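Remarks on the structure that follows.
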Amino acid sequence: MMDKRFDGFSVHLHQDDEGAWLAHFVERPEISAFGESPETALSELAIAWCAVKAVYEDRGIPVPVAPARKNYSGSFNVRVSKTLHRSLAMEAARQGVSLNALVAAKLAKAVRPF
């Protein structure tokens with residue numbers, strides 16, 4: 001669930017065994033709140049998030065940015081075992097594509113877009 005009050009952070013909302021509702025940021029589960037209803041839990045989470053941001057600002061620390069709001073270059077390095085590297089390189093050669101293209105295609109299949 002995305003809500004403007006949460007600056008791009010994803011919110012997970014669920015009911016516990018005792019009937020209380022818990023809301024927390026998926027990317028920062030330590031930021032959470034309870035309520036007797038989903039709406040109350042979300043309102044409490046908004047209050048908690050404002051308090052967390054105030055602490056960061058008071059201490060002169062940059063407020064965390066949601067991954068969904070960050071800019072990405074499209075490039076990163078991954079360390080893998082020599083065996084996996086060899087297997088991927090061989091598969092790429094068999095397919096007639098670059099290792100980068102093969103790995104990018106495999107990642108695209110494995111990860112759901114946000």
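How things are named: the first chain in the structure tokens is A, the next is B, and so on; residues count from 1 in each chain; ligands count from 1 in the order shown.
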Inset, instruction - Per DSSP on the backbone, filter chain A down to the residues in helix (DSSP H, G or I) and report them as a PyMOL selection string. - result: chain A and resi 4-6+38-58+67-69+82-95+99-110
With N, CA and C atoms retained, could you export that selection as a short mmCIF file (atom, residue, chain, number, x, y, z; two decimals), in the first residue's frame?
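Heads up, here's the output in part.cif:
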data_model
loop_
_atom_site.label_atom_id
_atom_site.label_comp_id
_atom_site.auth_asym_id
_atom_site.auth_seq_id
_atom_site.Cartn_x
_atom_site.Cartn_y
_atom_site.Cartn_z
N LYS A 4 0.58 8.91 0.41
CA LYS A 4 1.40 10.13 0.34
C LYS A 4 1.98 10.52 1.69
N ARG A 5 1.29 10.17 2.77
CA ARG A 5 1.78 10.54 4.10
C ARG A 5 3.10 9.86 4.44
N PHE A 6 3.43 8.81 3.70
CA PHE A 6 4.59 7.99 4.06
C PHE A 6 5.77 8.18 3.13
N PRO A 38 -7.84 -0.58 10.93
CA PRO A 38 -6.80 -0.28 9.95
C PRO A 38 -6.53 1.23 9.85
N GLU A 39 -7.59 2.02 9.87
CA GLU A 39 -7.45 3.47 9.75
C GLU A 39 -6.67 4.05 10.91
N THR A 40 -6.95 3.55 12.13
CA THR A 40 -6.24 4.03 13.31
C THR A 40 -4.77 3.65 13.25
N ALA A 41 -4.49 2.42 12.84
CA ALA A 41 -3.09 1.99 12.73
C ALA A 41 -2.34 2.85 11.73
N LEU A 42 -2.97 3.17 10.60
CA LEU A 42 -2.32 4.01 9.60
C LEU A 42 -2.14 5.44 10.10
N SER A 43 -3.12 5.96 10.81
CA SER A 43 -2.98 7.30 11.39
C SER A 43 -1.85 7.34 12.40
N GLU A 44 -1.76 6.31 13.23
CA GLU A 44 -0.69 6.23 14.22
C GLU A 44 0.67 6.08 13.54
N LEU A 45 0.71 5.35 12.44
CA LEU A 45 1.96 5.20 11.70
C LEU A 45 2.39 6.56 11.12
N ALA A 46 1.44 7.33 10.63
CA ALA A 46 1.76 8.66 10.11
C ALA A 46 2.34 9.55 11.21
N ILE A 47 1.78 9.45 12.41
CA ILE A 47 2.30 10.22 13.55
C ILE A 47 3.71 9.76 13.90
N ALA A 48 3.90 8.44 13.93
CA ALA A 48 5.23 7.89 14.24
C ALA A 48 6.26 8.34 13.21
N TRP A 49 5.89 8.31 11.93
CA TRP A 49 6.81 8.71 10.86
C TRP A 49 7.18 10.19 11.01
N CYS A 50 6.22 11.03 11.33
CA CYS A 50 6.53 12.45 11.55
C CYS A 50 7.50 12.62 12.71
N ALA A 51 7.31 11.83 13.77
CA ALA A 51 8.21 11.90 14.93
C ALA A 51 9.62 11.43 14.56
N VAL A 52 9.71 10.36 13.79
CA VAL A 52 11.01 9.84 13.35
C VAL A 52 11.72 10.90 12.51
N LYS A 53 11.00 11.50 11.57
CA LYS A 53 11.61 12.53 10.72
C LYS A 53 12.09 13.72 11.56
N ALA A 54 11.32 14.09 12.57
CA ALA A 54 11.70 15.21 13.43
C ALA A 54 13.00 14.91 14.17
N VAL A 55 13.16 13.68 14.64
CA VAL A 55 14.40 13.30 15.33
C VAL A 55 15.59 13.41 14.38
N TYR A 56 15.44 12.88 13.17
CA TYR A 56 16.52 12.99 12.19
C TYR A 56 16.87 14.46 11.94
N GLU A 57 15.85 15.28 11.72
CA GLU A 57 16.09 16.69 11.42
C GLU A 57 16.72 17.41 12.60
N ASP A 58 16.27 17.12 13.83
CA ASP A 58 16.84 17.74 15.02
C ASP A 58 18.32 17.40 15.18
N PRO A 67 13.23 3.59 -1.06
CA PRO A 67 13.86 3.08 -2.27
C PRO A 67 13.10 3.45 -3.54
N ALA A 68 11.79 3.54 -3.46
CA ALA A 68 10.99 3.88 -4.63
C ALA A 68 11.23 5.32 -5.10
N ARG A 69 11.75 6.16 -4.22
CA ARG A 69 11.98 7.56 -4.55
C ARG A 69 13.42 7.86 -4.95
N LYS A 82 33.05 -18.53 -8.37
CA LYS A 82 33.71 -18.79 -9.66
C LYS A 82 32.89 -19.79 -10.48
N THR A 83 32.31 -20.76 -9.82
CA THR A 83 31.51 -21.77 -10.50
C THR A 83 30.28 -21.15 -11.16
N LEU A 84 29.58 -20.30 -10.42
CA LEU A 84 28.40 -19.64 -10.97
C LEU A 84 28.80 -18.71 -12.12
N HIS A 85 29.88 -17.99 -11.95
CA HIS A 85 30.36 -17.09 -13.00
C HIS A 85 30.62 -17.88 -14.28
N ARG A 86 31.31 -19.01 -14.13
CA ARG A 86 31.61 -19.86 -15.29
C ARG A 86 30.33 -20.37 -15.94
N SER A 87 29.39 -20.85 -15.13
CA SER A 87 28.13 -21.38 -15.66
C SER A 87 27.35 -20.32 -16.43
N LEU A 88 27.30 -19.13 -15.87
CA LEU A 88 26.58 -18.04 -16.54
C LEU A 88 27.28 -17.63 -17.83
N ALA A 89 28.61 -17.57 -17.80
CA ALA A 89 29.36 -17.21 -19.01
C ALA A 89 29.15 -18.24 -20.11
N MET A 90 29.14 -19.52 -19.73
CA MET A 90 28.93 -20.57 -20.72
C MET A 90 27.51 -20.50 -21.30
N GLU A 91 26.53 -20.26 -20.45
CA GLU A 91 25.15 -20.14 -20.94
C GLU A 91 25.01 -18.94 -21.87
N ALA A 92 25.64 -17.83 -21.52
CA ALA A 92 25.59 -16.64 -22.37
C ALA A 92 26.22 -16.93 -23.73
N ALA A 93 27.34 -17.64 -23.73
CA ALA A 93 28.01 -17.98 -24.99
C ALA A 93 27.12 -18.88 -25.85
N ARG A 94 26.48 -19.86 -25.22
CA ARG A 94 25.58 -20.76 -25.96
C ARG A 94 24.42 -19.98 -26.59
N GLN A 95 23.94 -18.96 -25.88
CA GLN A 95 22.81 -18.17 -26.38
C GLN A 95 23.25 -17.06 -27.33
N LEU A 99 27.32 -11.71 -21.24
CA LEU A 99 27.05 -12.13 -19.86
C LEU A 99 26.11 -11.12 -19.20
N ASN A 100 26.35 -9.85 -19.42
CA ASN A 100 25.51 -8.80 -18.84
C ASN A 100 24.05 -8.95 -19.29
N ALA A 101 23.85 -9.18 -20.59
CA ALA A 101 22.48 -9.32 -21.12
C ALA A 101 21.79 -10.54 -20.52
N LEU A 102 22.53 -11.64 -20.39
CA LEU A 102 21.95 -12.85 -19.81
C LEU A 102 21.51 -12.62 -18.37
N VAL A 103 22.41 -12.06 -17.56
CA VAL A 103 22.10 -11.83 -16.15
C VAL A 103 20.96 -10.82 -16.01
N ALA A 104 20.97 -9.78 -16.82
CA ALA A 104 19.88 -8.79 -16.76
C ALA A 104 18.54 -9.44 -17.07
N ALA A 105 18.51 -10.32 -18.07
CA ALA A 105 17.26 -11.01 -18.43
C ALA A 105 16.81 -11.93 -17.31
N LYS A 106 17.75 -12.65 -16.69
CA LYS A 106 17.39 -13.55 -15.59
C LYS A 106 16.86 -12.77 -14.39
N LEU A 107 17.48 -11.64 -14.09
CA LEU A 107 17.01 -10.82 -12.98
C LEU A 107 15.62 -10.26 -13.27
N ALA A 108 15.41 -9.82 -14.49
CA ALA A 108 14.11 -9.26 -14.87
C ALA A 108 13.00 -10.29 -14.71
N LYS A 109 13.30 -11.54 -15.01
CA LYS A 109 12.30 -12.61 -14.85
C LYS A 109 12.04 -12.93 -13.38
N ALA A 110 13.09 -12.82 -12.56
CA ALA A 110 13.01 -13.26 -11.17
C ALA A 110 12.42 -12.22 -10.22
#
Inset, instruction - Just give me the gap between atom CA of Phe34 of chain A and atom CA of Leu22 of chain A in Å, one decimal is fine. - result: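 These two atoms are separated by 4.6 Å.
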Legend entry - d(atom CA of Leu13 of chain A, atom CA of Pro62 of chain A) in Å: 26.5 Å
Inset, instruction - Give me, please, the distance in Å between atom CA of Glu27 of chain A and atom CA of His14 of chain A, quoted to one decimal. - result: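 We find that atom CA of Glu27 of chain A and atom CA of His14 of chain A lie 15.7 Å from each other.
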Inset, instruction - Assign secondary structure with DSSP using the backbone only, and return the residues of segment 9-97 of chain A in strand (DSSP E or B) as number ranges by chain. - result: A: 10-15, 21-25, 32-35
Inset, instruction - Tell me which protein, DNA and RNA residues are within 9 Å of segment 28-30 of chain A, counting only C-alpha atoms, leaving out same-chain ones fewer than 4 positions away, and put them as a PyMOL selection string. - result: chain A and resi 9+12+24
